[in-house]
>>> print(open('start_10.tsv').read())   # TSV, C-alpha atoms and all ligand atoms
chain	number	residue	atom	x	y	z
A	1	MET	CA	-14.69	-117.13	46.12
A	2	SER	CA	-14.55	-113.56	47.40
A	3	LYS	CA	-12.40	-111.13	45.43
A	4	LYS	CA	-9.51	-109.16	46.88
A	5	ILE	CA	-9.89	-105.57	45.67
A	6	LEU	CA	-7.58	-102.70	46.55
A	7	VAL	CA	-8.51	-99.02	46.31
A	8	ILE	CA	-5.57	-96.63	46.57
A	9	GLY	CA	-6.51	-93.28	48.13
A	10	SER	CA	-9.02	-92.46	50.87
A	11	GLY	CA	-10.24	-89.26	49.19
A	12	ILE	CA	-13.81	-88.98	48.01
A	13	ALA	CA	-13.06	-90.89	44.74
A	14	GLY	CA	-11.68	-93.89	46.64
A	15	ILE	CA	-14.55	-93.89	49.12
A	16	SER	CA	-17.15	-93.59	46.40
A	17	ALA	CA	-15.55	-96.48	44.44
A	18	SER	CA	-15.56	-98.67	47.56
A	19	ARG	CA	-19.16	-97.80	48.43
A	20	LYS	CA	-20.27	-98.66	44.91
A	21	LEU	CA	-18.43	-101.99	44.92
A	22	LYS	CA	-19.92	-102.76	48.31
A	23	SER	CA	-23.39	-102.14	46.88
A	24	TYR	CA	-22.56	-104.97	44.42
A	25	GLY	CA	-21.47	-107.23	47.28
A	26	LEU	CA	-17.72	-106.70	46.74
A	27	GLU	CA	-15.55	-105.75	49.73
A	28	THR	CA	-12.48	-103.55	49.27
A	29	ILE	CA	-9.54	-102.36	51.29
A	30	ILE	CA	-8.62	-98.69	50.95
A	31	VAL	CA	-5.01	-97.71	51.63
A	32	ASP	CA	-3.77	-94.15	51.86
A	33	LYS	CA	-0.35	-92.67	52.58
A	34	GLY	CA	-1.72	-89.76	54.65
A	35	ASP	CA	-2.43	-89.63	58.37
A	36	PHE	CA	-6.15	-88.97	57.94
A	37	ILE	CA	-9.02	-89.94	55.71
A	38	GLY	CA	-10.25	-87.49	53.07
A	39	GLY	CA	-7.35	-86.47	50.83
A	40	ARG	CA	-7.99	-82.94	49.62
A	41	ILE	CA	-11.19	-82.68	51.68
A	42	ALA	CA	-8.87	-81.91	54.52
A	43	THR	CA	-9.18	-80.85	58.14
A	44	HIS	CA	-6.28	-79.49	60.17
A	45	ILE	CA	-6.74	-79.47	63.95
A	46	LYS	CA	-4.24	-77.64	66.14
A	47	GLU	CA	-4.32	-77.77	69.93
A	48	LYS	CA	-2.49	-74.88	71.56
A	49	GLU	CA	-2.62	-73.57	75.14
A	50	ASN	CA	-6.03	-75.11	75.93
A	51	ASN	CA	-7.42	-73.94	72.60
A	52	LYS	CA	-8.43	-76.14	69.73
A	53	PHE	CA	-8.30	-74.62	66.24
A	54	THR	CA	-9.99	-76.36	63.32
A	55	PHE	CA	-9.36	-75.45	59.68
A	56	PHE	CA	-10.77	-76.68	56.37
A	57	HIS	CA	-7.66	-76.02	54.32
A	58	GLY	CA	-8.56	-78.09	51.24
A	59	ALA	CA	-12.07	-78.10	49.78
A	60	GLN	CA	-14.15	-75.74	51.90
A	61	PHE	CA	-17.54	-76.92	50.71
A	62	PHE	CA	-19.07	-79.10	48.03
A	63	THR	CA	-22.03	-79.03	45.70
A	64	ALA	CA	-24.31	-81.96	44.89
A	65	ARG	CA	-25.70	-81.38	41.44
A	66	SER	CA	-25.24	-84.95	40.25
A	67	LYS	CA	-28.01	-87.44	40.99
A	68	ASN	CA	-26.13	-90.04	43.06
A	69	PHE	CA	-24.15	-87.58	45.17
A	70	ASN	CA	-27.29	-85.58	45.79
A	71	GLN	CA	-29.11	-88.73	46.90
A	72	LEU	CA	-26.32	-89.64	49.30
A	73	LEU	CA	-26.36	-86.19	50.91
A	74	LYS	CA	-30.14	-85.98	51.02
A	75	SER	CA	-30.47	-89.33	52.72
A	76	ASP	CA	-27.83	-88.37	55.29
A	77	ILE	CA	-28.37	-84.67	55.86
A	78	ASN	CA	-30.29	-85.30	59.07
A	79	LYS	CA	-27.62	-87.50	60.57
A	80	ASN	CA	-25.63	-84.61	61.95
A	81	TYR	CA	-22.31	-85.03	60.14
A	82	ILE	CA	-23.15	-82.82	57.19
A	83	LYS	CA	-24.84	-79.45	57.01
A	84	LYS	CA	-26.00	-77.01	54.37
A	85	TYR	CA	-23.42	-74.25	53.98
A	86	GLU	CA	-24.73	-70.69	53.70
A	87	ASN	CA	-27.36	-69.80	51.09
A	88	PHE	CA	-25.82	-70.52	47.74
A	89	SER	CA	-27.53	-71.62	44.60
A	90	PRO	CA	-26.87	-74.41	43.84
A	91	GLN	CA	-26.78	-75.38	47.50
A	92	ARG	CA	-23.34	-75.96	49.07
A	93	TYR	CA	-22.58	-78.39	51.91
A	94	ARG	CA	-19.95	-78.94	54.57
A	95	GLY	CA	-18.97	-81.78	56.85
A	96	PHE	CA	-19.97	-81.24	60.47
A	97	PRO	CA	-18.39	-80.50	62.88
A	98	THR	CA	-15.43	-80.93	60.51
A	99	MET	CA	-15.00	-81.94	56.88
A	100	ARG	CA	-13.32	-85.14	58.08
A	101	ASN	CA	-16.49	-86.27	59.85
A	102	PHE	CA	-18.27	-86.41	56.52
A	103	LEU	CA	-15.63	-88.73	55.04
A	104	SER	CA	-15.44	-90.90	58.16
A	105	TYR	CA	-19.18	-91.30	58.28
A	106	ILE	CA	-19.71	-92.31	54.67
A	107	SER	CA	-16.87	-94.84	54.89
A	108	ASN	CA	-17.82	-96.34	58.25
A	109	GLU	CA	-18.50	-99.77	56.74
A	110	ILE	CA	-15.32	-99.83	54.65
A	111	TYR	CA	-11.89	-100.99	55.78
A	112	VAL	CA	-9.57	-97.97	55.47
A	113	LYS	CA	-5.87	-98.17	56.31
A	114	GLN	CA	-4.01	-94.84	56.56
A	115	LYS	CA	-0.20	-94.33	56.66
A	116	THR	CA	0.21	-96.95	53.95
A	117	LYS	CA	2.01	-95.81	50.83
A	118	VAL	CA	1.94	-97.71	47.55
A	119	ILE	CA	5.25	-97.48	45.68
A	120	GLY	CA	4.72	-99.89	42.78
A	121	ILE	CA	1.96	-101.62	40.78
A	122	PHE	CA	2.76	-104.60	38.53
A	123	LYS	CA	1.12	-107.18	36.27
A	124	ASN	CA	0.84	-110.71	37.58
A	125	ASN	CA	-0.86	-113.01	35.03
A	126	LYS	CA	-4.42	-111.64	35.07
A	127	LYS	CA	-4.04	-110.14	38.53
A	128	ILE	CA	-2.32	-107.05	39.94
A	129	ASN	CA	0.63	-106.96	42.32
A	130	VAL	CA	1.18	-104.02	44.64
A	131	LEU	CA	4.31	-103.05	46.55
A	132	TYR	CA	4.05	-101.00	49.73
A	133	GLU	CA	6.72	-98.75	51.21
A	134	ASN	CA	8.79	-100.56	53.85
A	135	SER	CA	7.79	-103.95	52.48
A	136	SER	CA	9.95	-106.29	50.41
A	137	LYS	CA	7.10	-108.53	49.24
A	138	GLU	CA	4.38	-107.68	46.72
A	139	ASP	CA	0.69	-108.34	47.57
A	140	THR	CA	-1.60	-109.79	44.88
A	141	TYR	CA	-5.09	-108.40	44.18
A	142	ASP	CA	-7.92	-109.44	41.84
A	143	ALA	CA	-8.47	-105.78	40.98
A	144	VAL	CA	-7.10	-102.31	41.82
A	145	ILE	CA	-8.54	-98.81	41.55
A	146	SER	CA	-5.99	-96.02	41.89
A	147	THR	CA	-7.30	-92.56	42.78
A	148	LEU	CA	-4.18	-90.44	43.25
A	149	PRO	CA	-4.04	-87.06	41.48
A	150	ALA	CA	-3.05	-87.74	37.85
A	151	PRO	CA	0.66	-86.72	38.04
A	152	GLN	CA	1.19	-88.96	41.11
A	153	ASN	CA	-0.89	-91.72	39.54
A	154	ILE	CA	1.38	-91.75	36.45
A	155	GLU	CA	4.38	-92.59	38.64
A	156	LEU	CA	2.61	-95.78	39.77
A	157	MET	CA	1.29	-96.71	36.31
A	158	THR	CA	4.53	-97.21	34.39
A	159	LYS	CA	3.59	-100.84	33.64
A	160	PHE	CA	0.17	-99.80	32.28
A	161	PRO	CA	0.82	-97.62	29.22
A	162	TYR	CA	-2.85	-97.23	28.24
A	163	LEU	CA	-3.67	-95.66	31.60
A	164	SER	CA	-0.43	-93.65	31.74
A	165	LYS	CA	-1.35	-92.08	28.43
A	166	VAL	CA	-4.77	-91.03	29.73
A	167	LEU	CA	-3.27	-89.68	32.96
A	168	SER	CA	-0.74	-87.59	31.04
A	169	THR	CA	-3.58	-85.56	29.47
A	170	ALA	CA	-4.75	-84.14	32.84
A	171	SER	CA	-3.23	-81.16	34.62
A	172	TYR	CA	-3.77	-79.17	37.81
A	173	ASP	CA	-3.38	-75.72	39.28
A	174	SER	CA	-1.66	-75.42	42.64
A	175	CYS	CA	-3.18	-73.71	45.66
A	176	ILE	CA	-1.37	-72.08	48.55
A	177	ALA	CA	-3.54	-72.03	51.67
A	178	LEU	CA	-2.89	-69.86	54.73
A	179	MET	CA	-4.61	-70.95	57.94
A	180	LEU	CA	-5.12	-68.22	60.53
A	181	ALA	CA	-6.66	-68.45	64.00
A	182	PHE	CA	-7.79	-65.16	65.53
A	183	LYS	CA	-8.42	-64.36	69.19
A	184	SER	CA	-11.70	-62.80	68.26
A	185	LEU	CA	-12.91	-60.98	65.17
A	186	PRO	CA	-15.70	-58.40	65.14
A	187	ASP	CA	-19.16	-59.97	64.60
A	188	THR	CA	-19.65	-57.72	61.57
A	189	ILE	CA	-17.19	-59.76	59.49
A	190	PRO	CA	-19.00	-62.22	57.19
A	191	SER	CA	-18.05	-65.90	57.33
A	192	TYR	CA	-16.62	-65.95	53.79
A	193	PHE	CA	-15.35	-63.73	50.97
A	194	ASP	CA	-15.51	-64.92	47.39
A	195	LEU	CA	-12.72	-63.11	45.53
A	196	SER	CA	-12.70	-65.34	42.49
A	197	LYS	CA	-13.99	-62.66	40.11
A	198	ASN	CA	-10.78	-60.61	40.09
A	199	LYS	CA	-11.53	-58.82	43.35
A	200	SER	CA	-8.00	-59.56	44.52
A	201	ASN	CA	-4.81	-60.01	42.52
A	202	ILE	CA	-3.60	-62.90	44.61
A	203	LEU	CA	-6.50	-64.42	46.59
A	204	SER	CA	-9.53	-66.39	45.44
A	205	TRP	CA	-11.48	-67.44	48.54
A	206	LEU	CA	-11.41	-66.84	52.30
A	207	ALA	CA	-13.72	-68.50	54.81
A	208	SER	CA	-13.92	-69.51	58.42
A	209	SER	CA	-14.44	-73.13	59.37
A	210	ASN	CA	-17.38	-73.96	61.63
A	211	ASP	CA	-15.31	-72.10	64.26
A	212	LYS	CA	-15.78	-68.41	63.40
A	213	ASN	CA	-12.23	-67.51	64.44
A	214	CYS	CA	-10.42	-70.10	62.30
A	215	TRP	CA	-9.93	-68.97	58.72
A	216	THR	CA	-8.43	-70.51	55.62
A	217	ILE	CA	-7.29	-68.16	52.88
A	218	HIS	CA	-6.74	-69.60	49.39
A	219	ALA	CA	-4.39	-67.86	47.01
A	220	ASN	CA	-5.56	-67.87	43.40
A	221	ALA	CA	-4.16	-70.21	40.75
A	222	ILE	CA	-1.85	-67.64	39.14
A	223	PHE	CA	-0.25	-66.60	42.43
A	224	SER	CA	-0.05	-70.21	43.68
A	225	ASN	CA	1.52	-71.61	40.49
A	226	GLU	CA	4.05	-68.76	40.34
A	227	ASN	CA	5.03	-68.70	44.01
A	228	PHE	CA	4.81	-72.36	44.95
A	229	ILE	CA	8.52	-72.75	45.66
A	230	LYS	CA	9.16	-69.23	46.98
A	231	ASP	CA	10.14	-68.32	50.50
A	232	GLN	CA	7.35	-68.91	53.04
A	233	PHE	CA	7.81	-65.51	54.75
A	234	PHE	CA	7.41	-63.79	51.39
A	235	ILE	CA	4.21	-65.72	50.61
A	236	LYS	CA	2.71	-65.14	54.04
A	237	ASP	CA	3.48	-61.42	53.89
A	238	GLN	CA	1.89	-61.09	50.46
A	239	ILE	CA	-1.29	-62.80	51.67
A	240	LEU	CA	-1.47	-60.91	54.98
A	241	ASN	CA	-1.06	-57.59	53.14
A	242	GLU	CA	-4.36	-58.25	51.35
A	243	LEU	CA	-6.40	-58.76	54.52
A	244	PRO	CA	-6.97	-55.18	55.79
A	245	LYS	CA	-8.82	-54.12	52.65
A	246	ILE	CA	-10.88	-57.34	52.60
A	247	PHE	CA	-11.80	-57.41	56.30
A	248	LYS	CA	-12.01	-53.59	56.38
A	249	LEU	CA	-9.90	-53.62	59.54
A	250	SER	CA	-6.55	-52.01	60.25
A	251	ASP	CA	-3.34	-53.89	59.64
A	252	HIS	CA	-2.51	-53.56	63.34
A	253	LEU	CA	-5.86	-54.91	64.52
A	254	ILE	CA	-5.57	-57.95	62.30
A	255	SER	CA	-1.99	-58.80	63.25
A	256	SER	CA	-2.68	-58.31	66.97
A	257	GLN	CA	-5.54	-60.84	66.76
A	258	ILE	CA	-3.63	-63.68	65.07
A	259	VAL	CA	-2.83	-66.47	67.54
A	260	TYR	CA	-1.84	-69.24	65.12
A	261	SER	CA	-0.84	-69.39	61.47
A	262	LYS	CA	0.24	-72.12	59.10
A	263	LEU	CA	0.79	-72.39	55.35
A	264	HIS	CA	-0.18	-75.47	53.37
A	265	PHE	CA	0.96	-76.08	49.80
A	266	TRP	CA	-1.36	-78.08	47.54
A	267	LYS	CA	0.64	-78.93	44.44
A	268	TYR	CA	-2.26	-80.66	42.69
A	269	ALA	CA	-5.24	-78.67	43.93
A	270	LYS	CA	-7.77	-78.14	41.17
A	271	VAL	CA	-8.02	-79.82	37.79
A	272	ASN	CA	-7.56	-77.42	34.87
A	273	ASN	CA	-7.46	-80.07	32.13
A	274	ILE	CA	-9.67	-83.12	32.43
A	275	ALA	CA	-8.11	-86.42	31.31
A	276	LYS	CA	-9.20	-87.80	27.97
A	277	GLY	CA	-9.54	-91.52	27.41
A	278	ILE	CA	-10.33	-94.85	29.02
A	279	GLN	CA	-10.68	-95.37	32.78
A	280	ILE	CA	-9.87	-99.11	32.86
A	281	ASP	CA	-6.94	-100.96	31.33
A	282	PRO	CA	-8.07	-102.97	28.28
A	283	ASN	CA	-6.29	-106.13	29.46
A	284	TYR	CA	-5.87	-105.95	33.25
A	285	PRO	CA	-8.32	-105.43	36.13
A	286	ILE	CA	-6.97	-102.01	37.04
A	287	ALA	CA	-8.82	-98.68	36.80
A	288	ILE	CA	-8.11	-95.03	37.57
A	289	ALA	CA	-10.45	-92.56	39.24
A	290	GLY	CA	-10.36	-89.08	40.70
A	291	ASP	CA	-11.43	-85.54	39.96
A	292	PHE	CA	-9.07	-85.50	36.96
A	293	MET	CA	-11.48	-87.82	35.04
A	294	GLU	CA	-14.54	-85.57	35.48
A	295	GLY	CA	-13.92	-82.02	36.67
A	296	SER	CA	-12.45	-79.92	39.43
A	297	ARG	CA	-14.87	-80.61	42.27
A	298	VAL	CA	-15.56	-83.00	45.08
A	299	GLU	CA	-18.59	-84.33	43.28
A	300	SER	CA	-16.58	-84.88	40.08
A	301	ALA	CA	-14.27	-87.17	42.04
A	302	PHE	CA	-17.28	-88.92	43.58
A	303	ILE	CA	-18.78	-89.62	40.13
A	304	SER	CA	-15.48	-90.87	38.78
A	305	GLY	CA	-15.08	-93.31	41.69
A	306	GLU	CA	-18.48	-94.81	40.97
A	307	LYS	CA	-17.64	-95.16	37.27
A	308	ALA	CA	-14.37	-96.96	38.04
A	309	ALA	CA	-16.22	-99.31	40.39
A	310	GLU	CA	-18.78	-100.16	37.68
A	311	LEU	CA	-15.98	-100.94	35.23
A	312	ILE	CA	-14.14	-103.17	37.70
A	313	PHE	CA	-17.37	-104.94	38.69
A	314	HIS	CA	-18.13	-105.80	35.05
A	315	ARG	CA	-14.53	-106.86	34.41
A	316	LEU	CA	-14.65	-109.28	37.34
A	317	ASN	CA	-18.00	-110.79	36.35
A	401	LIG	C1	-7.24	-75.90	48.29
A	401	LIG	C2	-8.36	-76.66	47.62
A	401	LIG	C3	-9.64	-76.11	47.58
A	401	LIG	C4	-10.68	-76.80	46.97
A	401	LIG	N1	-11.92	-76.28	47.01
A	401	LIG	C5	-12.97	-77.02	46.56
A	401	LIG	C6	-14.30	-76.62	46.80
A	401	LIG	O1	-14.53	-75.60	47.45
A	401	LIG	N2	-15.32	-77.38	46.30
A	401	LIG	C7	-15.09	-78.54	45.61
A	401	LIG	O2	-16.05	-79.22	45.19
A	401	LIG	N3	-13.81	-78.96	45.40
A	401	LIG	C8	-12.76	-78.25	45.87
A	401	LIG	N4	-11.47	-78.70	45.70
A	401	LIG	C9	-11.24	-79.92	44.90
A	401	LIG	C10	-11.57	-81.19	45.68
A	401	LIG	O3	-10.99	-81.14	46.95
A	401	LIG	C11	-11.00	-82.38	44.90
A	401	LIG	O4	-11.51	-82.33	43.58
A	401	LIG	C12	-11.39	-83.72	45.51
A	401	LIG	O5	-11.31	-83.72	46.91
A	401	LIG	C13	-10.47	-84.79	44.90
A	401	LIG	O6	-10.75	-86.04	45.47
A	401	LIG	P1	-9.94	-87.33	44.98
A	401	LIG	O7	-10.45	-88.48	45.76
A	401	LIG	O8	-10.00	-87.40	43.49
A	401	LIG	O9	-8.40	-87.05	45.31
A	401	LIG	P2	-7.67	-86.83	46.74
A	401	LIG	O10	-8.60	-86.25	47.71
A	401	LIG	O11	-6.42	-86.08	46.42
A	401	LIG	O12	-7.32	-88.30	47.19
A	401	LIG	C14	-6.17	-88.98	46.75
A	401	LIG	C15	-5.55	-89.68	47.95
A	401	LIG	O13	-4.45	-90.49	47.50
A	401	LIG	C16	-3.50	-90.53	48.54
A	401	LIG	N5	-2.21	-90.95	47.99
A	401	LIG	C17	-1.39	-90.24	47.18
A	401	LIG	N6	-0.31	-90.98	46.85
A	401	LIG	C18	-0.46	-92.19	47.46
A	401	LIG	C19	0.32	-93.38	47.49
A	401	LIG	N7	1.46	-93.49	46.80
A	401	LIG	N8	-0.12	-94.42	48.24
A	401	LIG	C20	-1.30	-94.33	48.94
A	401	LIG	N9	-2.07	-93.23	48.94
A	401	LIG	C21	-1.67	-92.16	48.19
A	401	LIG	C22	-3.49	-89.13	49.09
A	401	LIG	O14	-2.99	-89.13	50.44
A	401	LIG	C23	-4.97	-88.75	49.00
A	401	LIG	O15	-5.63	-88.96	50.24
A	401	LIG	C24	-10.42	-78.06	46.33
A	401	LIG	C25	-9.13	-78.61	46.40
A	401	LIG	C26	-8.11	-77.93	47.05
A	401	LIG	C27	-6.75	-78.58	47.18
>>> encode(input="start_10.tsv", output="structure tokens")
Amino acid sequence: MSKKILVIGSGIAGISASRKLKSYGLETIIVDKGDFIGGRIATHIKEKENNKFTFFHGAQFFTARSKNFNQLLKSDINKNYIKKYENFSPQRYRGFPTMRNFLSYISNEIYVKQKTKVIGIFKNNKKINVLYENSSKEDTYDAVISTLPAPQNIELMTKFPYLSKVLSTASYDSCIALMLAFKSLPDTIPSYFDLSKNKSNILSWLASSNDKNCWTIHANAIFSNENFIKDQFFIKDQILNELPKIFKLSDHLISSQIVYSKLHFWKYAKVNNIAKGIQIDPNYPIAIAGDFMEGSRVESAFISGEKAAELIFHRLN
């Protein structure tokens, strides 16, 4: 009889877990509380006065150093939803035309249900019960893989102390992202600035999306952790004040070119402590996956999803 397997989270870890299980002949359903697929590989699209602005406000690119992720990208690079990004070594990649297209494409044979929030996970004999928001009845699954960032995952894992303990060993830095659309910037401005090596006290990375006038500016971990709950005007001002020296343009020129701006607050942005311990419960068919098990990158989350899928596959067989 076919198994009913739930994957919580439509980020890269959830998609990779589902793809792996599918390769073993096991179908899954992915549920995610957000409006769009991708989790922290995020795309924000704003339509305003006949203009369409597209921002990559989460991960802005990804590497593919690991064998399986590299194979996936290599086999699909010609299919027009992913492109090499600039000339970095190791090579970096981006979804095309948006980051979301990458996630949608690699999950096109998987059932993904957005706007569906899980609020409880329980034991039910040797199966797993799941409670959704706005539902009074629990659903029963043969297996579950939960891929939320570790601190959110802990809230769902109260009935699974082995996994809770592992999750409690991971931690994250926050990231404040400022999205800016410009009327038009001079062609001389490069498409990214890497400020990670202390070139700015508060910023780490600025880059345009595939639209040269739509920029996302990431504040560094120290600034983001310290200012996460501060006033939005204060944060925006601090970030904007940095731009003239980076773009080598006057304050006035920059502010006169801005046609749209929006802040986004990522509480759990990048892993700074990887979780230590088991990925599957010793007694129940439930596993955890996500960047927090492997590292701070897209491909870490991908690897961890595959590992969780392997563990669940062997548990069910
Ligand atoms: C600002 C920023 C910049 C980054 N830059 C890079 C970069 O340049 N390169 C790189 O490799 N990595 C980068 N990263 C890290 C990378 O984005 C992550 O490591 C990776 O996307 C994590 O994937 P994931 O599947 O583990 O988690 P997520 O993508 O967070 O997926 C978890 C999903 O769970 C869903 N969810 C949460 N709670 C519930 C619930 N109760 N019920 C249902 N669904 C729920 C969420 O909506 C989310 O979609 C960046 C991250 C951020 C935030």
>>> residues_around(input="start_10.tsv", residues="His264 (chain A)", least_positions_apart="2", cutoff="8 Å", atoms="only C-alpha atoms", output="PyMOL selection string")
chain A and resi 57+176-179+262+266
>>> closest_residue(input="start_10.tsv", among="A:Asn317, A:Thr169, A:Thr188, A:Ser296", to="ligand LIG 401 (chain A)", atoms="all atoms listed in the file")
A:Ser296
>>> closest_residue(input="start_10.tsv", among="A:Glu310, A:Lys4, A:Asn273, A:Asn101", to="Lys127 (chain A)", atoms="only C-alpha atoms")
A:Lys4
>>> residues_around(input="start_10.tsv", residues="Leu240 (chain A)", least_positions_apart="4", cutoff="12 Å", atoms="all atoms listed in the file", output="list in words")
Ala177, Leu178, Met179, Leu180, Ile202, Leu203, Leu206, Thr216, Ile217, His218, Ala219, Phe233, Phe234, Ile235, Lys236, Pro244, Lys245, Ile246, Phe247, Ser250, Asp251, His252, Ile254, Ser255, Ile258, Ser261 and Leu263 of chain A
>>> residues_around(input="start_10.tsv", residues="Phe182 (chain A)", least_positions_apart="2", cutoff="7 Å", atoms="only C-alpha atoms", output="ChimeraX atom specification")
/A:180,184-185,213-214,257-259
>>> closest_residue(input="start_10.tsv", among="A:Glu109, A:Asp173, A:Glu138, A:Asp211", to="ligand LIG 401 (chain A)", atoms="all atoms listed in the file")
A:Asp173
>>> atom_distance(input="start_10.tsv", atom1="CA of Gln91 (chain A)", atom2="atom N1 of ligand LIG 401 (chain A)")
14.9 Å
>>> atom_distance(input="start_10.tsv", atom1="CA of Ala207 (chain A)", atom2="CA of His44 (chain A)")
14.3 Å
>>> closest_residue(input="start_10.tsv", among="A:Val298, A:Ile8, A:Lys165, A:Ser136", to="Ile286 (chain A)", atoms="all atoms listed in the file")
A:Ile8
>>> atom_distance(input="start_10.tsv", atom1="CA of Gly11 (chain A)", atom2="CA of Asn125 (chain A)")
29.2 Å
